[in-house]
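**Q** Input structure: upload.txt, which contains compact mmCIF, C-alpha atoms and all ligand atoms.
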# COMPACT_ATOMS: atom_id res chain seq x y z
CA MET D 42 14.10 4.44 -15.36
CA SER D 43 15.46 7.51 -13.59
CA GLU D 44 15.84 7.28 -9.85
CA PRO D 45 15.74 9.92 -7.16
CA ALA D 46 18.31 9.96 -4.37
CA ILE D 47 17.26 7.81 -1.44
CA MET D 48 17.64 9.45 1.92
CA PRO D 49 18.45 6.96 4.65
CA GLN D 50 16.93 8.95 7.51
CA PRO D 51 13.20 9.66 7.82
CA ARG D 52 12.48 13.26 7.01
CA PRO D 53 11.14 15.02 10.09
CA GLY D 54 7.49 15.94 9.88
CA ILE D 55 6.56 13.41 7.24
CA ILE D 56 5.55 10.57 9.54
CA ARG D 57 2.13 11.43 10.84
CA PRO D 58 1.82 11.46 14.62
CA ASP D 59 -1.68 9.93 14.46
CA LYS D 60 -0.52 6.72 12.76
CA ASP D 61 -2.68 4.03 14.24
CA THR D 62 -2.26 0.43 13.17
CA PHE D 63 -5.74 -0.57 14.25
CA LEU D 64 -7.27 2.21 12.17
CA ALA D 65 -5.08 1.25 9.23
CA GLU D 66 -6.41 -2.32 9.41
CA GLN D 67 -10.00 -1.05 9.23
CA ASN D 68 -9.83 1.99 7.01
CA PRO D 69 -8.57 1.50 3.44
CA PHE D 70 -7.54 5.15 3.10
CA GLU D 71 -5.32 4.82 6.18
CA ALA D 72 -3.91 1.57 4.76
CA MET D 73 -3.02 3.39 1.54
CA MET D 74 -1.59 6.38 3.44
CA GLU D 75 0.69 4.19 5.52
CA ARG D 76 2.40 2.85 2.39
CA PHE D 77 2.40 6.29 0.77
CA ASP D 78 4.08 7.79 3.85
CA HIS D 79 6.73 5.10 3.81
CA ALA D 80 7.48 5.67 0.12
CA ALA D 81 7.41 9.48 0.51
CA GLN D 82 9.89 9.26 3.34
CA LEU D 83 12.32 7.06 1.40
CA LEU D 84 11.98 9.31 -1.65
CA ASN D 85 12.73 12.32 0.49
CA LEU D 86 9.62 13.91 -0.99
CA ASP D 87 9.55 17.60 -0.28
CA ARG D 88 7.02 18.72 2.28
CA GLY D 89 4.87 20.77 -0.08
CA LEU D 90 4.41 17.94 -2.57
CA TYR D 91 3.81 15.54 0.30
CA LYS D 92 0.90 17.70 1.41
CA VAL D 93 -0.48 17.94 -2.13
CA LEU D 94 -0.28 14.19 -2.79
CA ARG D 95 -1.97 13.10 0.42
CA ASN D 96 -5.17 14.97 -0.45
CA PRO D 97 -7.68 14.09 -3.17
CA GLU D 98 -8.22 16.84 -5.76
CA LYS D 99 -11.98 16.53 -5.81
CA GLN D 100 -14.62 14.61 -3.83
CA ILE D 101 -18.20 14.50 -5.04
CA ILE D 102 -21.16 13.18 -3.03
CA VAL D 103 -24.51 12.94 -4.78
CA SER D 104 -27.99 11.71 -3.94
CA VAL D 105 -29.32 9.33 -6.54
CA PRO D 106 -33.13 9.16 -6.43
CA ILE D 107 -34.96 6.61 -8.56
CA VAL D 108 -38.47 5.20 -8.75
CA ARG D 109 -38.33 1.51 -7.84
CA ASP D 110 -40.42 -1.07 -9.65
CA ASN D 111 -43.03 -0.97 -6.87
CA GLY D 112 -43.58 2.76 -7.47
CA GLU D 113 -41.71 3.90 -4.30
CA VAL D 114 -38.95 6.49 -4.52
CA GLU D 115 -35.58 5.35 -3.13
CA VAL D 116 -32.57 7.60 -2.68
CA TYR D 117 -29.06 6.12 -2.94
CA THR D 118 -25.78 7.84 -2.12
CA GLY D 119 -23.13 8.05 -4.82
CA TYR D 120 -19.49 9.15 -4.71
CA ARG D 121 -16.86 10.06 -7.27
CA VAL D 122 -13.36 10.98 -6.12
CA LEU D 123 -10.69 12.39 -8.45
CA TYR D 124 -7.50 11.81 -6.52
CA ASN D 125 -4.91 13.26 -8.86
CA THR D 126 -5.01 14.34 -12.51
CA SER D 127 -1.49 15.71 -12.99
CA ARG D 128 -0.50 12.95 -15.46
CA GLY D 129 -3.74 12.94 -17.48
CA PRO D 130 -7.48 12.39 -17.28
CA ALA D 131 -8.70 10.70 -14.11
CA LYS D 132 -9.26 6.97 -14.62
CA GLY D 133 -11.02 4.50 -12.40
CA GLY D 134 -13.93 2.16 -11.97
CA ILE D 135 -17.38 2.50 -10.46
CA ARG D 136 -18.63 -0.02 -7.92
CA PHE D 137 -22.15 -0.73 -6.75
CA ASP D 138 -21.99 -2.19 -3.27
CA LEU D 139 -23.55 -1.81 0.18
CA ASN D 140 -20.08 -1.44 1.74
CA VAL D 141 -19.09 1.60 -0.35
CA THR D 142 -17.94 4.55 1.81
CA LEU D 143 -16.23 7.83 0.97
CA GLU D 144 -13.04 6.65 2.73
CA GLU D 145 -12.99 3.53 0.58
CA VAL D 146 -13.58 5.46 -2.65
CA LYS D 147 -10.79 7.91 -1.69
CA ALA D 148 -8.38 5.01 -1.15
CA LEU D 149 -9.38 3.34 -4.39
CA ALA D 150 -8.94 6.63 -6.30
CA ALA D 151 -5.46 7.05 -4.82
CA TRP D 152 -4.59 3.46 -5.75
CA MET D 153 -5.70 4.19 -9.33
CA THR D 154 -3.34 7.18 -9.36
CA TRP D 155 -0.37 5.08 -8.26
CA LYS D 156 -1.38 2.16 -10.51
CA CYS D 157 -1.54 4.26 -13.70
CA ALA D 158 1.77 5.92 -12.83
CA LEU D 159 3.42 2.58 -12.07
CA VAL D 160 2.57 1.07 -15.45
CA ASN D 161 3.31 4.47 -16.97
CA ILE D 162 0.07 5.17 -18.78
CA PRO D 163 -1.01 8.82 -19.14
CA PHE D 164 -3.85 8.87 -16.63
CA GLY D 165 -4.55 10.21 -13.17
CA GLY D 166 -6.67 8.26 -10.72
CA SER D 167 -10.32 8.31 -9.70
CA LYS D 168 -13.00 5.97 -8.39
CA GLY D 169 -16.73 6.02 -7.92
CA GLY D 170 -19.33 4.08 -6.05
CA VAL D 171 -23.02 3.91 -5.28
CA VAL D 172 -24.18 2.47 -1.96
CA CYS D 173 -26.69 -0.12 -3.11
CA ASP D 174 -27.23 -3.85 -3.37
CA PRO D 175 -27.46 -4.74 -7.07
CA ALA D 176 -28.44 -8.33 -6.20
CA ALA D 177 -31.69 -6.96 -4.73
CA MET D 178 -32.46 -4.73 -7.72
CA SER D 179 -34.13 -5.43 -11.05
CA MET D 180 -32.39 -4.69 -14.35
CA GLY D 181 -34.62 -1.62 -14.78
CA GLU D 182 -33.74 -0.29 -11.31
CA LEU D 183 -30.05 -0.82 -11.98
CA GLU D 184 -30.31 1.09 -15.24
CA ARG D 185 -32.12 4.00 -13.56
CA VAL D 186 -29.49 4.18 -10.78
CA THR D 187 -26.69 4.11 -13.36
CA ARG D 188 -28.21 6.82 -15.54
CA ARG D 189 -29.15 9.12 -12.65
CA TYR D 190 -25.72 8.74 -11.03
CA THR D 191 -24.04 9.46 -14.40
CA ALA D 192 -26.18 12.57 -14.90
CA SER D 193 -25.32 13.77 -11.37
CA ILE D 194 -21.56 13.63 -11.95
CA ILE D 195 -21.64 14.58 -15.63
CA GLU D 196 -19.60 17.77 -15.23
CA THR D 197 -16.53 15.80 -14.18
CA LEU D 198 -16.90 13.01 -16.76
CA GLY D 199 -15.35 13.15 -20.23
CA PRO D 200 -12.59 11.53 -22.29
CA ASP D 201 -10.24 14.36 -21.31
CA SER D 202 -11.28 14.70 -17.68
CA ASP D 203 -12.56 11.51 -16.02
CA VAL D 204 -13.10 8.08 -17.58
CA PRO D 205 -14.97 5.38 -15.59
CA ALA D 206 -14.71 1.60 -16.02
CA PRO D 207 -16.19 -1.51 -14.40
CA ASP D 208 -15.38 -2.45 -10.82
CA VAL D 209 -17.13 -4.53 -8.12
CA ASN D 210 -20.68 -5.43 -9.28
CA THR D 211 -20.55 -3.34 -12.47
CA ASN D 212 -19.95 -4.68 -15.97
CA GLU D 213 -20.07 -3.82 -19.65
CA ARG D 214 -23.87 -3.50 -19.54
CA VAL D 215 -23.51 -0.72 -16.93
CA MET D 216 -20.73 0.93 -18.99
CA ALA D 217 -23.04 0.96 -22.04
CA TRP D 218 -25.69 2.87 -20.04
CA ILE D 219 -23.06 5.36 -18.84
CA MET D 220 -21.84 5.92 -22.40
CA ASP D 221 -25.39 6.40 -23.64
CA THR D 222 -26.41 8.80 -20.83
CA TYR D 223 -23.29 10.92 -21.31
CA SER D 224 -23.74 10.94 -25.10
CA MET D 225 -27.41 11.95 -24.86
CA HIS D 226 -26.41 14.95 -22.72
CA LYS D 227 -23.61 15.91 -25.15
CA ARG D 228 -25.91 15.41 -28.17
CA HIS D 229 -23.38 13.20 -29.93
CA THR D 230 -21.84 9.77 -29.38
CA VAL D 231 -18.76 9.82 -27.14
CA THR D 232 -17.40 6.28 -26.86
CA ALA D 233 -14.15 7.29 -25.10
CA VAL D 234 -15.99 8.54 -21.99
CA VAL D 235 -15.93 5.07 -20.47
CA THR D 236 -13.92 1.86 -20.90
CA GLY D 237 -14.87 -1.76 -20.41
CA LYS D 238 -17.76 -1.29 -22.86
CA PRO D 239 -19.20 -4.06 -25.02
CA VAL D 240 -16.87 -4.66 -27.99
CA GLU D 241 -19.69 -3.85 -30.44
CA MET D 242 -19.89 -0.28 -29.14
CA GLY D 243 -16.21 0.66 -29.01
CA GLY D 244 -14.95 -1.69 -26.32
CA SER D 245 -11.55 -3.31 -26.74
CA LEU D 246 -10.96 -6.93 -27.53
CA GLY D 247 -9.21 -8.49 -24.55
CA ARG D 248 -10.48 -5.93 -21.98
CA ARG D 249 -12.77 -8.36 -20.16
CA GLU D 250 -9.91 -10.81 -19.55
CA ALA D 251 -7.20 -8.16 -19.08
CA THR D 252 -7.05 -7.99 -15.27
CA GLY D 253 -6.97 -11.78 -14.86
CA ARG D 254 -4.47 -12.13 -17.70
CA GLY D 255 -2.25 -9.51 -16.05
CA CYS D 256 -2.42 -11.45 -12.76
CA MET D 257 -1.27 -14.58 -14.56
CA ILE D 258 1.61 -12.76 -16.27
CA VAL D 259 3.07 -11.25 -13.08
CA THR D 260 2.61 -14.50 -11.15
CA ARG D 261 4.44 -16.38 -13.91
CA GLU D 262 7.26 -13.80 -13.72
CA ALA D 263 7.40 -14.04 -9.91
CA LEU D 264 7.61 -17.83 -9.98
CA ALA D 265 10.30 -17.67 -12.68
CA ARG D 266 12.46 -15.61 -10.30
CA MET D 267 12.22 -18.48 -7.84
CA GLY D 268 13.23 -20.95 -10.53
CA ARG D 269 9.68 -22.25 -10.72
CA SER D 270 6.81 -22.04 -13.16
CA LEU D 271 3.03 -22.07 -13.12
CA LYS D 272 3.17 -25.67 -14.35
CA GLY D 273 2.14 -27.75 -11.36
CA ALA D 274 1.90 -24.73 -9.01
CA ARG D 275 -1.00 -25.04 -6.55
CA VAL D 276 -3.16 -21.91 -6.74
CA ALA D 277 -5.94 -20.67 -4.42
CA VAL D 278 -8.18 -17.85 -5.61
CA GLN D 279 -10.43 -15.78 -3.36
CA GLY D 280 -13.20 -14.11 -5.36
CA PHE D 281 -14.70 -15.65 -8.49
CA GLY D 282 -15.82 -12.50 -10.31
CA ASN D 283 -14.27 -10.97 -13.40
CA VAL D 284 -10.77 -10.90 -11.90
CA GLY D 285 -10.62 -14.15 -9.90
CA SER D 286 -12.36 -16.44 -12.35
CA VAL D 287 -10.27 -15.24 -15.31
CA ALA D 288 -7.02 -15.38 -13.29
CA ALA D 289 -7.88 -18.98 -12.34
CA GLU D 290 -8.67 -19.82 -15.97
CA PHE D 291 -5.39 -18.38 -17.31
CA MET D 292 -3.25 -19.89 -14.55
CA ALA D 293 -4.86 -23.28 -15.18
CA ARG D 294 -4.10 -22.88 -18.90
CA GLU D 295 -0.43 -22.43 -17.98
CA GLY D 296 -0.52 -25.71 -16.07
CA GLY D 297 -1.43 -24.40 -12.60
CA LEU D 298 -3.55 -26.58 -10.31
CA ILE D 299 -6.46 -24.52 -8.99
CA VAL D 300 -6.83 -26.15 -5.59
CA ALA D 301 -9.37 -23.72 -4.08
CA VAL D 302 -11.73 -20.92 -5.14
CA SER D 303 -14.30 -18.91 -3.22
CA ASP D 304 -16.93 -16.21 -3.50
CA LYS D 305 -19.36 -14.57 -1.06
CA SER D 306 -21.32 -17.83 -0.78
CA GLY D 307 -18.24 -19.78 0.40
CA GLY D 308 -15.39 -21.77 -1.08
CA LEU D 309 -14.53 -25.02 -2.78
CA THR D 310 -11.41 -27.10 -2.57
CA ASN D 311 -10.02 -30.00 -4.51
CA PRO D 312 -6.35 -30.75 -3.84
CA SER D 313 -5.97 -32.49 -7.19
CA GLY D 314 -7.22 -29.40 -9.02
CA LEU D 315 -10.63 -28.00 -9.96
CA ASP D 316 -11.94 -27.95 -13.54
CA VAL D 317 -12.18 -24.16 -13.86
CA ALA D 318 -14.36 -24.17 -16.99
CA ASP D 319 -16.80 -26.50 -15.25
CA VAL D 320 -16.90 -24.26 -12.15
CA GLN D 321 -17.45 -21.20 -14.39
CA ARG D 322 -20.41 -22.98 -16.05
CA TRP D 323 -21.85 -23.77 -12.61
CA VAL D 324 -21.58 -20.13 -11.53
CA GLN D 325 -23.16 -18.90 -14.75
CA GLU D 326 -26.13 -21.14 -14.06
CA HIS D 327 -26.46 -20.81 -10.27
CA HIS D 328 -24.90 -17.34 -9.67
CA ARG D 329 -22.87 -18.73 -6.76
CA LEU D 330 -20.14 -21.28 -6.06
CA ALA D 331 -21.90 -22.91 -3.13
CA GLY D 332 -23.44 -26.25 -4.00
CA TYR D 333 -20.89 -27.15 -6.72
CA PRO D 334 -20.85 -30.93 -6.43
CA LYS D 335 -17.33 -31.93 -7.51
CA ALA D 336 -15.37 -30.38 -4.60
CA GLU D 337 -15.28 -30.08 -0.82
CA PRO D 338 -16.67 -26.89 0.76
CA ILE D 339 -14.30 -24.54 2.65
CA THR D 340 -14.74 -21.08 4.14
CA ASN D 341 -13.13 -17.91 2.83
CA GLN D 342 -10.88 -17.82 5.90
CA GLN D 343 -9.74 -21.41 5.31
CA LEU D 344 -8.97 -20.59 1.69
CA LEU D 345 -6.59 -17.79 2.64
CA ILE D 346 -4.50 -20.11 4.80
CA CYS D 347 -4.83 -23.30 2.75
CA ASP D 348 -1.86 -25.30 1.52
CA CYS D 349 -0.90 -23.71 -1.81
CA ASP D 350 1.99 -22.09 -3.67
CA VAL D 351 0.14 -19.06 -5.02
CA LEU D 352 -2.65 -17.15 -3.28
CA VAL D 353 -4.75 -14.73 -5.34
CA PRO D 354 -6.94 -12.50 -3.15
CA ALA D 355 -9.27 -11.12 -5.83
CA ALA D 356 -12.30 -10.13 -3.81
CA THR D 357 -12.12 -7.08 -1.60
CA GLU D 358 -10.05 -4.98 0.83
CA ASN D 359 -8.45 -5.92 4.15
CA VAL D 360 -8.81 -9.70 3.99
CA ILE D 361 -5.17 -10.46 4.85
CA THR D 362 -4.60 -8.97 8.29
CA ARG D 363 -2.14 -9.41 11.14
CA LYS D 364 -4.47 -12.15 12.46
CA ASN D 365 -4.29 -14.55 9.50
CA ALA D 366 -0.99 -13.44 7.88
CA PRO D 367 1.18 -15.67 10.12
CA GLN D 368 -0.73 -18.75 8.92
CA ILE D 369 -0.47 -18.09 5.19
CA LYS D 370 1.40 -20.90 3.44
CA ALA D 371 1.61 -19.52 -0.11
CA LYS D 372 5.05 -18.46 -1.41
CA VAL D 373 3.58 -15.86 -3.77
CA ILE D 374 0.57 -13.61 -3.21
CA CYS D 375 -0.85 -11.97 -6.31
CA GLU D 376 -3.23 -9.18 -5.28
CA GLY D 377 -6.04 -9.28 -7.83
CA ALA D 378 -8.24 -7.09 -5.61
CA ASN D 379 -7.41 -3.55 -4.57
CA GLY D 380 -6.11 -3.31 -1.01
CA PRO D 381 -6.54 -6.93 0.15
CA THR D 382 -3.57 -6.77 2.55
CA THR D 383 -3.26 -4.44 5.54
CA ALA D 384 0.02 -2.66 6.30
CA ALA D 385 0.42 -4.66 9.53
CA ALA D 386 0.08 -7.91 7.55
CA ASP D 387 2.73 -6.70 5.06
CA GLU D 388 5.38 -6.82 7.77
CA ILE D 389 4.49 -10.40 8.72
CA LEU D 390 4.44 -11.61 5.10
CA ASP D 391 7.78 -9.90 4.50
CA LYS D 392 9.30 -11.59 7.53
CA ASN D 393 8.04 -14.95 6.26
CA SER D 394 9.69 -14.28 2.87
CA ILE D 395 6.40 -14.42 1.00
CA LEU D 396 6.64 -12.53 -2.28
CA VAL D 397 3.66 -10.17 -2.47
CA ILE D 398 2.91 -8.81 -5.93
CA PRO D 399 1.13 -5.65 -4.83
CA ASP D 400 -2.32 -4.69 -6.10
CA ILE D 401 -1.18 -1.60 -8.00
CA LEU D 402 1.02 -3.89 -10.10
CA ALA D 403 -0.82 -7.22 -9.98
CA ASN D 404 -4.22 -5.95 -11.11
CA ALA D 405 -2.99 -3.19 -13.44
CA GLY D 406 -3.77 -5.26 -16.53
CA GLY D 407 -7.37 -4.01 -16.44
CA VAL D 408 -6.58 -0.32 -16.58
CA THR D 409 -3.79 -0.95 -19.08
CA VAL D 410 -6.25 -2.39 -21.58
CA SER D 411 -8.69 0.40 -20.60
CA TYR D 412 -5.97 2.74 -21.81
CA PHE D 413 -5.77 0.79 -25.06
CA GLU D 414 -9.56 1.04 -25.37
CA TRP D 415 -9.49 4.82 -24.83
CA VAL D 416 -6.70 5.17 -27.43
CA GLN D 417 -8.66 3.05 -29.94
CA ASP D 418 -11.89 5.02 -29.38
CA ARG D 419 -10.12 8.35 -29.77
CA GLY D 420 -8.25 7.19 -32.86
CA GLY D 421 -11.30 5.45 -34.32
CA TYR D 422 -9.05 2.56 -35.25
CA PHE D 423 -9.38 -0.83 -33.60
CA TRP D 424 -6.69 -3.40 -32.93
CA ASP D 425 -6.91 -7.17 -33.20
CA GLU D 426 -6.85 -9.20 -29.99
CA GLU D 427 -3.32 -10.42 -30.54
CA THR D 428 -2.01 -6.84 -30.65
CA VAL D 429 -3.88 -5.96 -27.43
CA ASN D 430 -2.55 -9.02 -25.61
CA LYS D 431 1.01 -8.55 -26.85
CA ARG D 432 1.10 -4.91 -25.71
CA LEU D 433 -0.43 -5.84 -22.36
CA GLU D 434 2.16 -8.57 -21.89
CA SER D 435 5.04 -6.21 -22.58
CA ILE D 436 3.75 -3.53 -20.14
CA MET D 437 3.15 -6.09 -17.37
CA VAL D 438 6.53 -7.80 -17.82
CA ARG D 439 8.39 -4.49 -17.92
CA SER D 440 6.54 -3.08 -14.88
CA PHE D 441 7.17 -6.25 -12.88
CA SER D 442 10.86 -6.11 -13.72
CA ASP D 443 11.06 -2.37 -12.84
CA VAL D 444 9.52 -3.09 -9.44
CA MET D 445 11.79 -6.03 -8.65
CA THR D 446 14.90 -4.14 -9.76
CA TRP D 447 13.96 -1.20 -7.57
CA ALA D 448 13.09 -3.46 -4.62
CA GLU D 449 16.44 -5.23 -4.78
CA ARG D 450 18.46 -2.08 -5.30
CA HIS D 451 16.88 -0.22 -2.40
CA LYS D 452 16.19 -3.23 -0.16
CA VAL D 453 12.48 -2.56 0.10
CA SER D 454 9.47 -4.79 -0.49
CA PRO D 455 7.92 -4.93 -3.97
CA ARG D 456 4.96 -2.99 -2.53
CA ILE D 457 7.08 -0.10 -1.28
CA ALA D 458 9.13 -0.20 -4.49
CA SER D 459 5.88 0.10 -6.48
CA TYR D 460 4.71 3.06 -4.42
CA MET D 461 8.11 4.71 -4.72
CA ILE D 462 8.19 4.43 -8.51
CA ALA D 463 4.59 5.65 -8.79
CA VAL D 464 4.82 8.50 -6.29
CA ASP D 465 8.09 9.63 -7.85
CA ARG D 466 6.45 9.78 -11.31
CA VAL D 467 3.42 11.73 -10.07
CA ALA D 468 5.64 14.08 -8.02
CA GLY D 469 7.92 14.52 -11.04
CA MET D 470 4.96 15.69 -13.11
CA HIS D 471 3.97 18.18 -10.41
CA ARG D 472 7.52 19.55 -10.33
CA LEU D 473 7.57 20.00 -14.10
CA ARG D 474 4.15 21.65 -14.17
CA GLY D 475 4.78 23.87 -11.15
CA MET D 476 2.14 25.30 -8.86
CA TYR D 477 -0.68 27.31 -10.43
CA ALA D 478 -1.83 29.92 -7.98
N1 LIG V 1 -11.69 -1.10 -11.68
C1 LIG V 1 -10.47 -1.51 -12.27
C2 LIG V 1 -9.30 -1.24 -11.32
O1 LIG V 1 -9.48 -1.12 -10.14
C3 LIG V 1 -10.25 -0.95 -13.66
C4 LIG V 1 -10.17 0.53 -13.75
C5 LIG V 1 -10.11 1.06 -15.17
O2 LIG V 1 -9.99 0.27 -16.08
O3 LIG V 1 -10.22 2.27 -15.31
O4 LIG V 1 -8.17 -1.21 -11.73
Output the file's structure as structure tokens, nothing else.
**A**
Amino acid sequence: MSEPAIMPQPRPGIIRPDKDTFLAEQNPFEAMMERFDHAAQLLNLDRGLYKVLRNPEKQIIVSVPIVRDNGEVEVYTGYRVLYNTSRGPAKGGIRFDLNVTLEEVKALAAWMTWKCALVNIPFGGSKGGVVCDPAAMSMGELERVTRRYTASIIETLGPDSDVPAPDVNTNERVMAWIMDTYSMHKRHTVTAVVTGKPVEMGGSLGRREATGRGCMIVTREALARMGRSLKGARVAVQGFGNVGSVAAEFMAREGGLIVAVSDKSGGLTNPSGLDVADVQRWVQEHHRLAGYPKAEPITNQQLLICDCDVLVPAATENVITRKNAPQIKAKVICEGANGPTTAAADEILDKNSILVIPDILANAGGVTVSYFEWVQDRGGYFWDEETVNKRLESIMVRSFSDVMTWAERHKVSPRIASYMIAVDRVAGMHRLRGMYA
């Protein structure tokens, strides 16, 4: 790994005068920018590139009208942000959620850019979202929203330009509709336009589990550095969706005790360890954790500060803040979600010697296997699951070790080390390509 010279003094003009901690704890884009600024300053990033990299390349806002089942027309707002495509096609998920905002999508697209650069896969970063509540929509309504949104952003989509994937409240069913809509417009089947598809239609084996598996791998590596292992480690997981439930399952398989889990409906705790497969069956049947009989109820806030060795925030942004950070007891935090920790909380966790495996590393397993899926679709040659998992393992282990080596050498946190490696790679590509004007 090549390294740029580190300049000890902040470069004048790079720290923004409007830096506001309160704003950064509310606004995910500000939270991202604060870390980016820190990394840019330590990298001595030149002013021109600094300006380029703090702005998204493209921001699209569309209206998504559909006819609801009751015959009424409803109009939803959709976003797609391409943050940076210097290293390759934009890559990033699509979320359906009432809390989606343009600021959030911008932050998530930037995080995708840094994440793909950090694990060194040839993608830029993007993200999309539709402001809607999928829980209050029928399957037909969801399909119409997906297809209309896809048609509205179709010019930017494509295997060589922008490749969506699942994110909050979207899944392989939604990816199948996107693939079909895009292919109908192109008049031929284009499987590589989207990843996280059903395996039968060009999806990759191992993609569904990839993010959770990646979380397990980096947590195992982090514990090993402390002379510990997942065997007997007490783990609390916030969020029981595709990331959290799989992370819990894989950590339990390695001998971890899953002492608490939660979702929007609340949390469960059992200090002697939950039976993850049993909890997964309950959720499949009841669509929520609440009511599960073989554990005590706890709140999401209590889960974050419960007595555990490993905390996996795998739900949403800004849940670990300066308010609850001082009470966190975990020794390792593995950020399954994007942006769960605010910049102000970082400082507190650092001071308390808690090892935070940052989101752009911890949850990069998903996009890594998305990359494998895209490669397989384009090559028309599919790998067995063992090959997928082995290649994922080697990328996660290597990326974790790169980050820790950098962090130790430059005396920065793993988060800032991750940003530095990623920003340096993206900036390096810009330097090589030069400015087209
Ligand atoms: N939505 C996931 C993420 O935030 C996966 C993105 C992808 O596979 O493109 O990393």
**Q** Quick one: residues within 8 Å of D:Gly307, all atoms listed in the file counted, chain neighbours fewer than 2 positions away excluded, as a list in words?
**A** Ser303, Asp304, Lys305, Leu309, Leu330, Ala331, Pro338, Ile339, Thr340 and Asn341 of chain D
**Q** Show me which residues are within 9 Å of ligand LIG 1 (chain V) counting only C-alpha atoms and all ligand atoms, and format the list as a count of residues only.
**A** 39
**Q** Would you pick out the contacts of D:Gln368 at 10 Å or less, using only C-alpha atoms, so that residues sharing its chain but fewer than 2 positions from it are not included, and give the list as a PyMOL selection string?
**A** chain D and resi 345-348+363-366+370-371+389-390+393
**Q** So which residues touch D:Leu271 within 6 Å, counting all atoms listed in the file, skipping near sequence neighbours fewer than 5 positions away, as a list in words?
**A**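 Using all atoms listed in the file, the neighbours found are Arg261, Glu295, Gly296 and Gly297 of chain D.
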**Q** The selected residues should be written to file as a PDB file, in the frame of the given file (atoms: C-alpha atoms).
**A**
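Below is the file selection.pdb, written as the result:
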ATOM      1  CA  ARG D 261       4.440 -16.380 -13.910  1.00  0.00           C
ATOM      2  CA  GLU D 295      -0.430 -22.430 -17.980  1.00  0.00           C
ATOM      3  CA  GLY D 296      -0.520 -25.710 -16.070  1.00  0.00           C
ATOM      4  CA  GLY D 297      -1.430 -24.400 -12.600  1.00  0.00           C
TER       5      GLY D 297
END
**Q** What does the structure give for the distance between atom CA of D:Asp203 and atom CA of D:Leu183, in Å to one decimal?
**A**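 Interatomic distance, atom CA of D:Asp203 to atom CA of D:Leu183: 21.8 Å.
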**Q** Which of these, D:Glu71, D:Pro130, D:Lys147, D:Pro399, has the shortest distance to D:Pro97 once you count all atoms listed in the file?
**A**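 Ranked by minimum distance to D:Pro97, first place goes to D:Lys147.
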**Q** Counting only C-alpha atoms, which residue out of D:Val234, D:Ile101, D:Ala251, D:Val324 sits closest to D:Lys431?
**A**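 When distances to D:Lys431 are compared using only C-alpha atoms, the smallest one comes from D:Ala251.
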**Q** Which one is closest to D:Met74: D:Val240, D:Ala277, D:Val464, D:Ala263? Count all atoms listed in the file.
**A**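 Ranked by minimum distance to D:Met74, first place goes to D:Val464.
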**Q** Give me the residues near D:Cys375 as an mmCIF file with C-alpha atoms, in the coordinates of the input, where near means some atom within 12 Å (using only C-alpha atoms) and where sequence neighbours in that chain fewer than 6 positions away do not count.
**A**
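Written file, selection08.cif:
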data_model
loop_
_atom_site.group_PDB
_atom_site.id
_atom_site.type_symbol
_atom_site.label_atom_id
_atom_site.label_comp_id
_atom_site.auth_asym_id
_atom_site.auth_seq_id
_atom_site.Cartn_x
_atom_site.Cartn_y
_atom_site.Cartn_z
ATOM 1 C CA THR D 252 -7.050 -7.990 -15.270
ATOM 2 C CA GLY D 253 -6.970 -11.780 -14.860
ATOM 3 C CA ARG D 254 -4.470 -12.130 -17.700
ATOM 4 C CA GLY D 255 -2.250 -9.510 -16.050
ATOM 5 C CA CYS D 256 -2.420 -11.450 -12.760
ATOM 6 C CA MET D 257 -1.270 -14.580 -14.560
ATOM 7 C CA ILE D 258 1.610 -12.760 -16.270
ATOM 8 C CA VAL D 259 3.070 -11.250 -13.080
ATOM 9 C CA THR D 260 2.610 -14.500 -11.150
ATOM 10 C CA ARG D 261 4.440 -16.380 -13.910
ATOM 11 C CA GLU D 262 7.260 -13.800 -13.720
ATOM 12 C CA ALA D 263 7.400 -14.040 -9.910
ATOM 13 C CA LEU D 264 7.610 -17.830 -9.980
ATOM 14 C CA VAL D 276 -3.160 -21.910 -6.740
ATOM 15 C CA ALA D 277 -5.940 -20.670 -4.420
ATOM 16 C CA VAL D 278 -8.180 -17.850 -5.610
ATOM 17 C CA GLN D 279 -10.430 -15.780 -3.360
ATOM 18 C CA VAL D 284 -10.770 -10.900 -11.900
ATOM 19 C CA GLY D 285 -10.620 -14.150 -9.900
ATOM 20 C CA ALA D 288 -7.020 -15.380 -13.290
ATOM 21 C CA ALA D 289 -7.880 -18.980 -12.340
ATOM 22 C CA MET D 292 -3.250 -19.890 -14.550
ATOM 23 C CA ASP D 350 1.990 -22.090 -3.670
ATOM 24 C CA VAL D 351 0.140 -19.060 -5.020
ATOM 25 C CA LEU D 352 -2.650 -17.150 -3.280
ATOM 26 C CA VAL D 353 -4.750 -14.730 -5.340
ATOM 27 C CA PRO D 354 -6.940 -12.500 -3.150
ATOM 28 C CA ALA D 355 -9.270 -11.120 -5.830
ATOM 29 C CA ALA D 356 -12.300 -10.130 -3.810
ATOM 30 C CA PRO D 381 -6.540 -6.930 0.150
ATOM 31 C CA THR D 382 -3.570 -6.770 2.550
ATOM 32 C CA ILE D 395 6.400 -14.420 1.000
ATOM 33 C CA LEU D 396 6.640 -12.530 -2.280
ATOM 34 C CA VAL D 397 3.660 -10.170 -2.470
ATOM 35 C CA ILE D 398 2.910 -8.810 -5.930
ATOM 36 C CA PRO D 399 1.130 -5.650 -4.830
ATOM 37 C CA ASP D 400 -2.320 -4.690 -6.100
ATOM 38 C CA ILE D 401 -1.180 -1.600 -8.000
ATOM 39 C CA LEU D 402 1.020 -3.890 -10.100
ATOM 40 C CA ALA D 403 -0.820 -7.220 -9.980
ATOM 41 C CA ASN D 404 -4.220 -5.950 -11.110
ATOM 42 C CA ALA D 405 -2.990 -3.190 -13.440
ATOM 43 C CA PHE D 441 7.170 -6.250 -12.880
ATOM 44 C CA PRO D 455 7.920 -4.930 -3.970
ATOM 45 C CA ARG D 456 4.960 -2.990 -2.530
#
